[in-house]
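Structure below is protein_3.tsv: TSV, C-alpha atoms.
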chain	number	residue	atom	x	y	z
A	13	MET	CA	0.00	0.00	0.00
A	14	LYS	CA	1.32	3.44	-0.96
A	15	LEU	CA	-0.09	6.85	-0.12
A	16	LEU	CA	-0.61	8.91	-3.26
A	17	LYS	CA	-2.14	12.05	-1.73
A	18	ILE	CA	-3.22	13.44	1.64
A	19	LYS	CA	-5.48	16.48	1.82
A	20	VAL	CA	-6.90	18.29	4.84
A	21	PRO	CA	-9.75	20.55	3.61
A	22	SER	CA	-10.07	22.26	6.99
A	23	GLY	CA	-9.52	22.04	10.69
A	24	PHE	CA	-6.16	20.43	11.45
A	25	LYS	CA	-3.89	22.51	13.69
A	26	MET	CA	-2.13	25.27	11.70
A	27	LEU	CA	-2.28	23.66	8.25
A	28	ALA	CA	-3.63	25.99	5.57
A	29	LYS	CA	-7.06	25.25	4.13
A	30	ASP	CA	-6.86	22.43	1.56
A	31	PHE	CA	-3.31	21.60	2.65
A	32	GLU	CA	-2.14	18.77	0.40
A	33	ILE	CA	0.81	16.38	0.27
A	34	ASN	CA	1.25	14.80	-3.17
A	35	PHE	CA	3.56	11.77	-3.13
A	36	MET	CA	3.34	10.98	-6.85
A	37	THR	CA	6.14	11.56	-9.35
A	38	LYS	CA	5.72	14.79	-11.29
A	39	THR	CA	8.56	14.69	-13.81
A	40	ARG	CA	9.15	12.68	-16.96
A	41	ILE	CA	10.68	9.24	-16.32
A	42	ASN	CA	13.58	8.09	-18.47
A	43	LYS	CA	12.84	4.39	-18.90
A	44	ASP	CA	16.36	3.74	-20.23
A	45	ALA	CA	17.90	4.87	-16.92
A	46	PRO	CA	18.25	2.53	-13.92
A	47	ASN	CA	15.68	4.54	-11.88
A	48	ASN	CA	16.87	2.95	-8.64
A	49	ASP	CA	15.16	5.76	-6.68
A	50	LEU	CA	11.72	4.80	-8.01
A	51	ILE	CA	9.21	2.00	-7.43
A	52	GLU	CA	7.22	0.81	-10.45
A	53	LEU	CA	3.78	0.06	-9.01
A	54	GLU	CA	2.38	-0.78	-12.45
A	55	GLU	CA	3.74	-0.50	-15.96
A	56	ASP	CA	4.88	3.12	-16.38
A	57	PHE	CA	3.36	4.07	-12.99
A	58	TYR	CA	6.24	5.12	-10.77
A	59	TYR	CA	6.50	6.10	-7.12
A	60	PRO	CA	9.46	7.79	-5.35
A	61	ILE	CA	11.33	5.75	-2.76
A	62	GLU	CA	12.16	8.97	-0.87
A	63	THR	CA	9.82	11.83	0.02
A	64	VAL	CA	11.60	14.73	1.71
A	65	PHE	CA	10.39	17.72	3.75
A	66	ILE	CA	12.60	20.75	4.34
A	67	GLY	CA	12.01	24.13	5.98
A	68	LYS	CA	13.06	26.46	8.75
A	69	ASN	CA	12.59	25.55	12.38
A	70	SER	CA	8.90	25.73	13.31
A	71	SER	CA	7.85	25.73	9.64
A	72	GLY	CA	5.56	22.71	9.98
A	73	LYS	CA	7.77	19.70	9.22
A	74	THR	CA	6.84	17.81	12.39
A	75	THR	CA	3.15	18.65	11.96
A	76	SER	CA	3.20	17.39	8.37
A	77	LEU	CA	4.99	14.16	9.27
A	78	SER	CA	2.61	13.54	12.18
A	79	LEU	CA	-0.22	13.81	9.66
A	80	VAL	CA	1.48	11.23	7.42
A	81	CYS	CA	1.97	8.91	10.41
A	82	ALA	CA	-1.66	9.32	11.47
A	83	VAL	CA	-2.94	8.46	7.99
A	84	LEU	CA	-0.67	5.41	7.69
A	85	GLY	CA	-1.77	4.29	11.15
A	86	PHE	CA	-5.42	4.88	10.25
A	87	LEU	CA	-5.15	2.75	7.12
A	88	ASP	CA	-3.43	0.04	9.19
A	89	SER	CA	-5.91	0.05	12.08
A	90	GLY	CA	-9.02	2.08	11.15
A	91	ARG	CA	-8.41	4.45	14.10
A	92	ILE	CA	-6.80	7.80	14.94
A	93	ARG	CA	-5.65	8.41	18.48
A	94	ASN	CA	-7.48	10.96	20.63
A	95	ASP	CA	-4.29	12.95	21.30
A	96	PHE	CA	-3.61	13.51	17.60
A	97	THR	CA	-5.47	16.82	17.32
A	98	TRP	CA	-6.28	19.79	19.53
A	99	GLU	CA	-9.04	19.82	22.12
A	100	GLY	CA	-12.46	20.50	20.61
A	101	GLU	CA	-11.12	20.39	17.06
A	102	THR	CA	-12.92	18.66	14.21
A	103	PHE	CA	-10.99	18.07	11.01
A	104	GLU	CA	-11.70	16.59	7.61
A	105	LEU	CA	-9.37	14.16	5.92
A	106	GLU	CA	-9.08	13.03	2.32
A	107	THR	CA	-6.51	10.48	1.26
A	108	ILE	CA	-5.84	8.61	-1.96
A	109	PHE	CA	-3.89	5.36	-1.72
A	110	TYR	CA	-2.87	2.52	-4.01
A	111	THR	CA	-2.99	-1.14	-3.08
A	112	ASN	CA	-3.31	-4.42	-4.99
A	113	GLY	CA	-3.87	-2.73	-8.36
A	114	ILE	CA	-6.66	-0.40	-7.15
A	115	ILE	CA	-6.65	3.32	-6.32
A	116	TYR	CA	-8.92	4.26	-3.41
A	117	LYS	CA	-10.15	7.69	-2.31
A	118	TYR	CA	-11.21	7.91	1.34
A	119	LYS	CA	-13.00	10.89	2.93
A	120	GLY	CA	-13.79	11.22	6.62
A	121	SER	CA	-14.54	13.71	9.38
A	122	PHE	CA	-12.99	13.24	12.82
A	123	THR	CA	-13.69	14.93	16.13
A	124	LYS	CA	-13.12	14.84	19.86
A	125	ASP	CA	-16.50	14.22	21.41
A	126	GLY	CA	-16.85	16.07	24.70
A	127	ASN	CA	-18.82	13.17	26.15
A	128	ASN	CA	-16.29	10.62	25.01
A	129	ASN	CA	-13.29	9.65	27.13
A	130	GLY	CA	-12.11	7.01	24.69
A	131	GLU	CA	-8.64	6.54	23.33
A	132	PHE	CA	-9.54	7.30	19.69
A	133	LEU	CA	-11.24	10.09	17.73
A	134	ILE	CA	-14.91	9.80	16.81
A	135	ILE	CA	-15.64	9.34	13.09
A	136	LYS	CA	-18.62	11.51	12.12
A	137	ASN	CA	-18.98	10.44	8.49
A	138	GLU	CA	-16.89	8.68	5.87
A	139	SER	CA	-16.92	7.34	2.32
A	140	LEU	CA	-14.72	5.20	0.09
A	141	GLU	CA	-14.44	5.29	-3.70
A	142	LYS	CA	-12.15	3.42	-6.10
A	143	THR	CA	-10.76	3.37	-9.62
A	144	THR	CA	-8.04	1.64	-11.60
A	145	MET	CA	-4.97	3.24	-13.11
A	146	LYS	CA	-5.12	4.84	-16.56
A	147	ASP	CA	-2.35	6.51	-18.55
A	148	SER	CA	-3.88	9.94	-17.96
A	149	TYR	CA	-3.77	9.44	-14.15
A	150	LYS	CA	-0.08	8.63	-13.79
A	151	LYS	CA	1.07	12.21	-13.15
A	152	ASP	CA	-2.18	13.76	-11.91
A	153	LEU	CA	-5.24	12.22	-10.27
A	154	SER	CA	-7.33	15.41	-10.40
A	155	ASN	CA	-9.18	14.15	-13.49
A	156	ALA	CA	-9.61	10.58	-12.22
A	157	ALA	CA	-13.13	9.14	-12.23
A	158	PHE	CA	-13.83	7.41	-8.89
A	159	PHE	CA	-16.78	5.13	-8.20
A	160	LYS	CA	-18.41	4.10	-4.94
A	161	GLU	CA	-16.93	1.06	-3.23
A	162	HIS	CA	-20.12	-0.87	-2.47
A	163	GLY	CA	-18.37	-3.24	-0.07
A	164	PHE	CA	-17.48	-0.38	2.28
A	165	ALA	CA	-19.73	0.01	5.32
A	166	PRO	CA	-19.24	3.50	6.83
A	167	ASN	CA	-19.18	4.18	10.57
A	168	VAL	CA	-19.19	0.58	11.69
A	169	GLY	CA	-17.97	1.76	15.09
A	170	MET	CA	-17.90	5.22	16.63
A	171	ASP	CA	-14.12	5.33	16.52
A	172	THR	CA	-13.23	2.58	14.04
A	173	SER	CA	-13.43	2.47	10.24
A	174	ASN	CA	-13.40	-0.68	8.15
A	175	VAL	CA	-11.25	1.09	5.53
A	176	VAL	CA	-8.51	-1.13	6.94
A	177	ARG	CA	-10.14	-4.07	5.13
A	178	PHE	CA	-9.34	-2.41	1.79
A	179	ALA	CA	-6.02	-0.74	2.65
A	180	LEU	CA	-4.04	-3.49	4.36
A	181	SER	CA	-1.42	-5.28	2.33
A	182	ASN	CA	-0.38	-8.74	3.46
A	183	GLY	CA	2.37	-8.51	6.10
A	184	GLU	CA	3.37	-4.93	5.24
A	185	PHE	CA	5.18	-2.87	7.88
A	186	ASN	CA	4.68	0.86	8.42
A	187	GLY	CA	6.56	2.56	11.25
A	188	SER	CA	7.84	5.82	12.72
A	189	THR	CA	11.05	6.28	14.67
A	190	ASP	CA	9.37	8.98	16.76
A	191	ALA	CA	6.93	6.38	18.08
A	192	ILE	CA	9.92	4.53	19.59
A	193	GLY	CA	12.32	7.38	20.36
A	194	TYR	CA	15.46	6.55	22.30
A	195	SER	CA	14.19	3.33	23.88
A	196	ALA	CA	15.29	-0.30	23.52
A	197	ASP	CA	11.72	-1.60	23.52
A	198	TRP	CA	11.94	-2.90	19.93
A	199	PHE	CA	15.33	-4.62	20.24
A	200	GLY	CA	13.64	-7.94	20.92
A	201	VAL	CA	11.53	-7.54	17.76
A	202	TYR	CA	14.63	-6.84	15.65
A	203	TYR	CA	16.45	-9.81	17.18
A	204	ASN	CA	13.56	-12.24	16.65
A	205	VAL	CA	12.41	-11.07	13.20
A	206	LEU	CA	15.75	-10.20	11.60
A	207	GLY	CA	17.78	-12.97	13.23
A	208	GLU	CA	20.84	-12.93	15.47
A	209	ALA	CA	23.38	-12.36	12.65
A	210	THR	CA	21.59	-9.33	11.18
A	211	PHE	CA	20.87	-7.86	14.60
A	212	ASN	CA	24.53	-8.19	15.67
A	213	ALA	CA	25.72	-6.61	12.40
A	214	LEU	CA	23.33	-3.73	13.06
A	215	LEU	CA	24.52	-3.41	16.65
A	216	HIS	CA	28.22	-3.39	15.70
A	217	LEU	CA	27.63	-0.65	13.11
A	218	PHE	CA	26.74	1.79	15.89
A	219	ASP	CA	28.85	0.48	18.77
A	220	ASP	CA	31.62	-2.04	18.05
A	221	SER	CA	32.56	-2.18	21.74
A	222	ILE	CA	29.48	-4.35	22.35
A	223	GLU	CA	29.82	-8.06	21.64
A	224	SER	CA	26.16	-9.03	21.88
A	225	ILE	CA	22.71	-8.15	23.17
A	226	VAL	CA	20.26	-11.02	23.64
A	227	PRO	CA	16.66	-10.46	24.79
A	228	PHE	CA	15.25	-12.71	27.48
A	229	GLU	CA	11.72	-13.45	28.66
A	230	GLU	CA	10.14	-14.27	31.99
A	231	ASN	CA	6.72	-15.90	32.13
A	232	GLY	CA	6.32	-15.39	28.39
A	233	LYS	CA	6.93	-11.64	28.60
A	234	ALA	CA	9.96	-9.69	27.32
A	235	ASN	CA	11.71	-8.48	30.44
A	236	GLY	CA	15.20	-7.29	29.48
A	237	TYR	CA	18.49	-8.07	27.77
A	238	ILE	CA	21.67	-10.03	28.39
A	239	PHE	CA	24.41	-7.53	27.60
A	240	ARG	CA	28.07	-8.36	26.91
A	241	ARG	CA	30.90	-5.97	26.00
A	242	VAL	CA	33.91	-6.99	23.92
A	243	GLY	CA	36.64	-8.27	26.24
A	244	GLY	CA	34.40	-7.73	29.22
A	245	ASN	CA	33.76	-10.00	32.16
A	246	SER	CA	30.58	-11.99	32.64
A	247	PRO	CA	27.49	-10.69	30.80
A	248	LEU	CA	25.06	-8.34	32.52
A	249	THR	CA	21.33	-8.95	32.81
A	250	VAL	CA	19.69	-5.55	32.35
A	251	PRO	CA	15.94	-4.87	32.77
A	252	SER	CA	14.37	-3.08	29.78
A	253	ARG	CA	13.64	0.12	31.70
A	254	TYR	CA	17.33	0.61	32.58
A	255	PHE	CA	18.85	-0.44	29.26
A	256	ARG	CA	19.15	3.07	27.84
A	257	ASP	CA	21.76	3.78	30.56
A	258	TYR	CA	24.14	1.35	28.78
A	259	LEU	CA	23.94	2.76	25.24
A	260	SER	CA	24.49	6.23	23.79
A	261	ALA	CA	21.58	8.24	22.38
A	262	GLY	CA	23.05	7.85	18.88
A	263	THR	CA	23.30	4.07	19.24
A	264	LEU	CA	19.72	3.75	20.51
A	265	ARG	CA	18.24	5.94	17.79
A	266	GLY	CA	20.49	4.44	15.12
A	267	ILE	CA	19.51	0.86	15.87
A	268	ASN	CA	15.84	1.89	15.85
A	269	LEU	CA	16.13	3.81	12.56
A	270	TYR	CA	18.07	1.08	10.77
A	271	GLY	CA	16.05	-1.68	12.47
A	272	LEU	CA	12.70	-0.26	11.34
A	273	SER	CA	14.11	0.28	7.85
A	274	ILE	CA	15.29	-3.34	7.65
A	275	LEU	CA	11.82	-4.52	8.75
A	276	ALA	CA	10.43	-2.49	5.84
A	277	PHE	CA	13.00	-4.01	3.47
A	278	LYS	CA	11.85	-7.43	4.63
A	279	LYS	CA	8.09	-6.82	4.58
A	280	GLY	CA	7.51	-3.72	2.40
A	281	GLY	CA	5.89	-0.54	3.70
A	282	THR	CA	6.84	3.01	4.63
A	283	ILE	CA	9.12	4.45	7.32
A	284	VAL	CA	8.55	8.01	8.61
A	285	VAL	CA	11.45	9.87	10.26
A	286	ASP	CA	11.41	13.43	11.62
A	287	GLU	CA	14.87	15.10	11.56
A	288	ILE	CA	16.60	12.05	10.11
A	289	GLU	CA	20.05	13.46	10.89
A	290	LYS	CA	19.39	13.81	14.63
A	291	SER	CA	22.17	12.04	16.63
A	292	PHE	CA	24.04	10.88	13.47
A	293	ASN	CA	26.83	11.93	11.17
A	294	ARG	CA	25.91	12.48	7.54
A	295	ASN	CA	27.63	9.33	6.28
A	296	LEU	CA	25.28	7.02	8.22
A	297	ILE	CA	22.20	8.72	6.77
A	298	GLU	CA	23.56	8.81	3.22
A	299	ASN	CA	24.29	5.08	3.39
A	300	LEU	CA	20.78	4.35	4.70
A	301	ILE	CA	19.33	6.20	1.69
A	302	ILE	CA	21.68	4.23	-0.58
A	303	MET	CA	20.27	1.00	0.90
A	304	PHE	CA	16.70	2.14	0.20
A	305	ASN	CA	17.76	2.72	-3.41
A	306	ASP	CA	19.50	-0.68	-3.67
A	307	LYS	CA	17.01	-3.15	-5.18
A	308	THR	CA	19.14	-6.11	-4.03
A	309	ILE	CA	18.46	-5.01	-0.42
A	310	ASN	CA	15.13	-3.23	-0.74
A	311	LYS	CA	13.39	-6.08	-2.55
A	312	ASN	CA	9.82	-5.33	-1.39
A	313	ASN	CA	9.47	-1.68	-2.43
A	314	ALA	CA	9.90	-0.05	0.98
A	315	SER	CA	9.78	3.76	0.95
A	316	ILE	CA	10.93	6.44	3.38
A	317	VAL	CA	9.40	9.81	4.27
A	318	TYR	CA	11.65	12.14	6.24
A	319	SER	CA	12.48	15.72	7.16
A	320	THR	CA	16.00	17.08	7.28
A	321	HIS	CA	18.20	20.13	7.84
A	322	TYR	CA	21.12	18.44	6.03
A	323	SER	CA	21.04	20.12	2.63
A	324	GLU	CA	23.58	17.62	1.27
A	325	LEU	CA	20.99	14.83	1.59
A	326	LEU	CA	19.03	16.54	-1.17
A	327	ASP	CA	21.80	15.52	-3.57
A	328	THR	CA	21.61	11.77	-2.87
A	329	ASN	CA	19.43	11.32	-5.95
A	330	ASN	CA	18.67	13.26	-9.10
A	331	ARG	CA	15.02	13.97	-8.39
A	332	CYS	CA	13.50	17.21	-7.17
A	333	ASP	CA	9.78	16.39	-7.46
A	334	ASN	CA	9.98	14.43	-4.19
A	335	ILE	CA	11.21	17.45	-2.16
A	336	ASN	CA	8.57	19.51	-0.33
A	337	VAL	CA	9.25	22.91	1.22
A	338	LEU	CA	7.25	24.05	4.24
A	339	HIS	CA	6.64	27.62	5.38
A	340	ARG	CA	4.69	29.06	8.29
A	341	VAL	CA	3.38	32.62	7.99
A	342	SER	CA	0.92	34.12	10.50
A	343	ASN	CA	0.36	30.70	12.08
A	344	GLU	CA	-0.57	29.11	8.75
A	345	ILE	CA	1.50	26.26	7.31
A	346	THR	CA	1.80	25.93	3.54
A	347	LEU	CA	3.63	23.44	1.32
A	348	LYS	CA	5.39	23.91	-2.01
A	349	ASN	CA	7.08	21.36	-4.25
A	350	VAL	CA	10.61	22.07	-5.53
A	351	HIS	CA	9.80	20.86	-9.06
A	352	ALA	CA	6.32	22.35	-9.38
A	353	ASP	CA	6.73	25.66	-7.52
A	354	TYR	CA	10.37	26.75	-7.90
A	355	ASP	CA	12.66	27.54	-10.80
A	356	CYS	CA	15.12	24.87	-9.67
A	357	ARG	CA	18.27	24.87	-11.80
A	358	THR	CA	19.18	21.38	-12.95
A	359	ASP	CA	22.83	22.35	-13.53
A	360	MET	CA	23.34	23.12	-9.81
A	361	LEU	CA	23.36	20.87	-6.76
A	362	LYS	CA	20.15	21.16	-4.78
A	363	SER	CA	22.23	21.67	-1.63
A	364	GLY	CA	23.86	24.68	-3.28
A	365	GLN	CA	20.49	26.21	-4.06
A	366	PHE	CA	19.33	25.41	-0.52
A	367	ASN	CA	22.38	27.21	0.91
A	368	GLN	CA	21.74	30.17	-1.39
A	369	ASN	CA	18.26	30.37	0.14
A	370	VAL	CA	16.42	29.70	-3.12
A	371	PHE	CA	13.70	27.95	-1.11
A	372	ASP	CA	13.62	30.55	1.71
A	373	THR	CA	14.57	27.96	4.31
A	374	LEU	CA	17.64	29.49	5.98
A	375	ILE	CA	17.86	31.20	9.35
A	376	ASN	CA	16.35	34.68	9.67
A	377	TYR	CA	19.52	36.77	9.95
A	378	ASP	CA	17.63	39.86	11.13
A	379	ARG	CA	16.48	37.85	14.15
A	380	LEU	CA	20.03	36.57	14.70
A	381	ILE	CA	21.45	40.11	14.65
A	382	GLU	CA	18.72	41.20	17.06
A	383	LEU	CA	19.72	38.43	19.46
A	384	LYS	CA	23.42	39.34	19.23
A	385	GLU	CA	22.70	43.01	19.93
A	386	THR	CA	20.59	42.05	22.92
A	387	LEU	CA	23.44	39.90	24.27
A	388	ARG	CA	25.97	42.73	23.81
A	389	LYS	CA	23.79	45.07	25.83

Can the structure in the file be given as structure tokens, please?
Amino acid sequence: MKLLKIKVPSGFKMLAKDFEINFMTKTRINKDAPNNDLIELEEDFYYPIETVFIGKNSSGKTTSLSLVCAVLGFLDSGRIRNDFTWEGETFELETIFYTNGIIYKYKGSFTKDGNNNGEFLIIKNESLEKTTMKDSYKKDLSNAAFFKEHGFAPNVGMDTSNVVRFALSNGEFNGSTDAIGYSADWFGVYYNVLGEATFNALLHLFDDSIESIVPFEENGKANGYIFRRVGGNSPLTVPSRYFRDYLSAGTLRGINLYGLSILAFKKGGTIVVDEIEKSFNRNLIENLIIMFNDKTINKNNASIVYSTHYSELLDTNNRCDNINVLHRVSNEITLKNVHADYDCRTDMLKSGQFNQNVFDTLINYDRLIELKETLRK
């Protein structure tokens, strides 16, 4: 399953009215090129492996990625958590997604009911339509003819949609590093699903002073890890809640980022990462992107959606239609696409244009000078 578009007609936090994220390719595809940075969903219907969000601090990157995570989670489970939106807020959601040869368009309205203390938002109304791909749709779905999905029963439960029945792909994995953070809670999953050899190779990439980490269970429940350092004495048995005291922040986040990505390589799906460079040097991130673009590793069409302040990451592939620029003006967040909305020079590195402030994403130097003058006084 791949998201093609997300649109919020009204109501979600500071997003502008009809805020839209378009994941589809927008440029001409050279079929004679390797196109390692693309997924071919159908013949001549391509999808970018990477979707990137850039912008100043507080421009709306985290808000946009939280929307992507919420939609992926909704299509996986049929629910949106109650803490996703602001108190008393009702918002409308439209999303178009592709799965198993069919394009679906879902519309729904979600709210926090004052009389409801449940864990998930109330669904006020919803609909589901579908179509199949045509040549004229492959760059733009605005002219697509959708028809009612008669097997869809709206509002089956107050807080649960059966859209999941149509959206779920067999065994697919969608995940967000922010949902895990700097914890070791998923180490047991990586160890069991990926195997001891892959998990140890992942562990040694981020900390080669550690010989092994083996999860253990008590009464059928994961309870901690057996931890051994290279050349150390007897192994330590460390409860899960204390394990972060034994690893650096970069190691914890790195194992989670790479671990979730490898799960996606194994099962297919989409990984969402806010500030992908946080706690890492650039080389580690560049090599992760290279692995996503390596079809001998990424065999099941996994994709990655991320935000970054590392302008050099924009040069890891030749595309610009997968780069989205966010701005916030007067508490309203808007989105522009580098290919569609900027005169992006193809003879220059995108990082160079970023650093020349072509996309208006650099620090506000007037505010910096103001701060310096205040400090001098």

ask   = Counting all atoms listed in the file, which of A:Ile225, A:Ile134, A:Leu206, A:Met13 gets nearest to Val250 of chain A?
value = A:Ile225

Which of A:Phe122, A:Phe158, A:Phe35, A:Tyr258 sits closest to Val64 of chain A [using only C-alpha atoms] =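 Smallest separation from Val64 of chain A among the options: A:Phe35.
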
query = Just how far from atom CA of Asn48 of chain A is atom CA of Val201 of chain A, in Å to one decimal?
reply =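 Distance reported for this atom pair: 28.9 Å.
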
task = Using all atoms listed in the file, determine which residues lie at most 9 Å from Ile51 of chain A, disregarding the query and same-chain residues fewer than 2 positions distant; provide the list as a PyMOL selection string.
result = chain A and resi 47-49+53-54+57-61+313-315

key: Polymer residues at most 10 Å from Lys117 of chain A, all atoms listed in the file, same-chain spacing of 3 or more positions, as a list in words   =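 Using all atoms listed in the file, the neighbours found are Leu16, Lys17, Ile18, Glu106, Thr107, Ile108, Phe109, Tyr110, Ser139, Leu140, Glu141, Lys142, Thr143, Phe158, Phe159, Lys160 and Glu161 of chain A.
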
Using all atoms listed in the file, tabulate the residues of segment 37-136 of chain A lying at most 12 Å from any atom of segment 351-354 of chain A, each with its closest atom pair and that distance in Å to one decimal, by chain and increasing residue number, as a tab-separated table.
residue	atom	partner	partner_atom	distance
A:Thr37	CA	A:His351	CA	10.0
A:Lys38	CA	A:His351	CA	7.6
A:Thr39	CA	A:His351	CA	7.9
A:Arg40	CA	A:His351	CA	11.4

Next, the residues of the selection above should be written as a tab-separated table (two decimals), in the frame of the given file with C-alpha atoms.
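Result went into again.tsv, see below:
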chain	number	residue	atom	x	y	z
A	37	THR	CA	6.14	11.56	-9.35
A	38	LYS	CA	5.72	14.79	-11.29
A	39	THR	CA	8.56	14.69	-13.81
A	40	ARG	CA	9.15	12.68	-16.96

task = For segment 135-138 of chain A, list every protein, DNA or RNA residue within 6 Å, evaluated using only C-alpha atoms, and leave out those in the same chain fewer than 6 positions away; present the list as a ChimeraX atom specification.
result = /A:119-122,166,170-171

Which residue of A:Asp88, A:Asp30, A:Glu62, A:Asp44 approaches Met303 of chain A most closely, using only C-alpha atoms =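 With only C-alpha atoms as the atom set, the closest residue is A:Glu62.
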
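Minimum distance to Leu361 of chain A across A:Asp190, A:Phe292, A:Leu153, A:Asn329 (counting all atoms listed in the file) occurs at A:Asn329.
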
request  = Write out as a PyMOL selection string which residues come within 7 Å of segment 270-284 of chain A when counting all atoms listed in the file, dropping same-chain ones fewer than 3 positions away.
outcome  = chain A and resi 13+81+183-189+202+266-267+309-318

Tell me, counting all atoms listed in the file, for each residue of segment 260-358 of chain A within 10 Å of segment 373-382 of chain A, which pair of atoms is nearest and how far apart they are in Å to one decimal, in rows ordered by chain and increasing number, as CSV.
residue,atom,partner,partner_atom,distance
A:His321,CA,A:Thr373,CA,9.3
A:Val337,CA,A:Thr373,CA,8.0
A:Leu338,CA,A:Thr373,CA,8.3
A:His339,CA,A:Thr373,CA,8.0

For the residues in the current selection, export C-alpha atoms as a compact mmCIF listing (two decimals), in the frame of the given file.
# COMPACT_ATOMS: atom_id res chain seq x y z
CA HIS A 321 18.20 20.13 7.84
CA VAL A 337 9.25 22.91 1.22
CA LEU A 338 7.25 24.05 4.24
CA HIS A 339 6.64 27.62 5.38

Two-atom distance - atom CA of Arg256 of chain A, atom CA of Arg241 of chain A (Å) = 14.9 Å

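If you look at atom CA of Leu269 of chain A and atom CA of Asn212 of chain A, they are 15.0 Å away from each other.
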
ask   = Which of these residues is nearest to Asn305 of chain A, using only C-alpha atoms: A:Gly23, A:Pro46, A:Ile335, A:Leu214?
value =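 Of all the options, A:Pro46 lies closest to Asn305 of chain A.
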
inquiry  = Could you check the closest approach to Ile288 of chain A for each of A:Ala45, A:Leu77, A:Val341, A:Leu84 and tell me which residue wins, using all atoms listed in the file?
reply    =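 Between A:Ala45, A:Leu77, A:Val341, A:Leu84, the residue approaching Ile288 of chain A most closely is A:Leu77.
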
query = What's the 8 Å shell around Phe255 of chain A, counting all atoms listed in the file, without same-chain residues fewer than 5 positions away, as a VMD selection string?
reply = chain A and resid 196 236 to 237 250
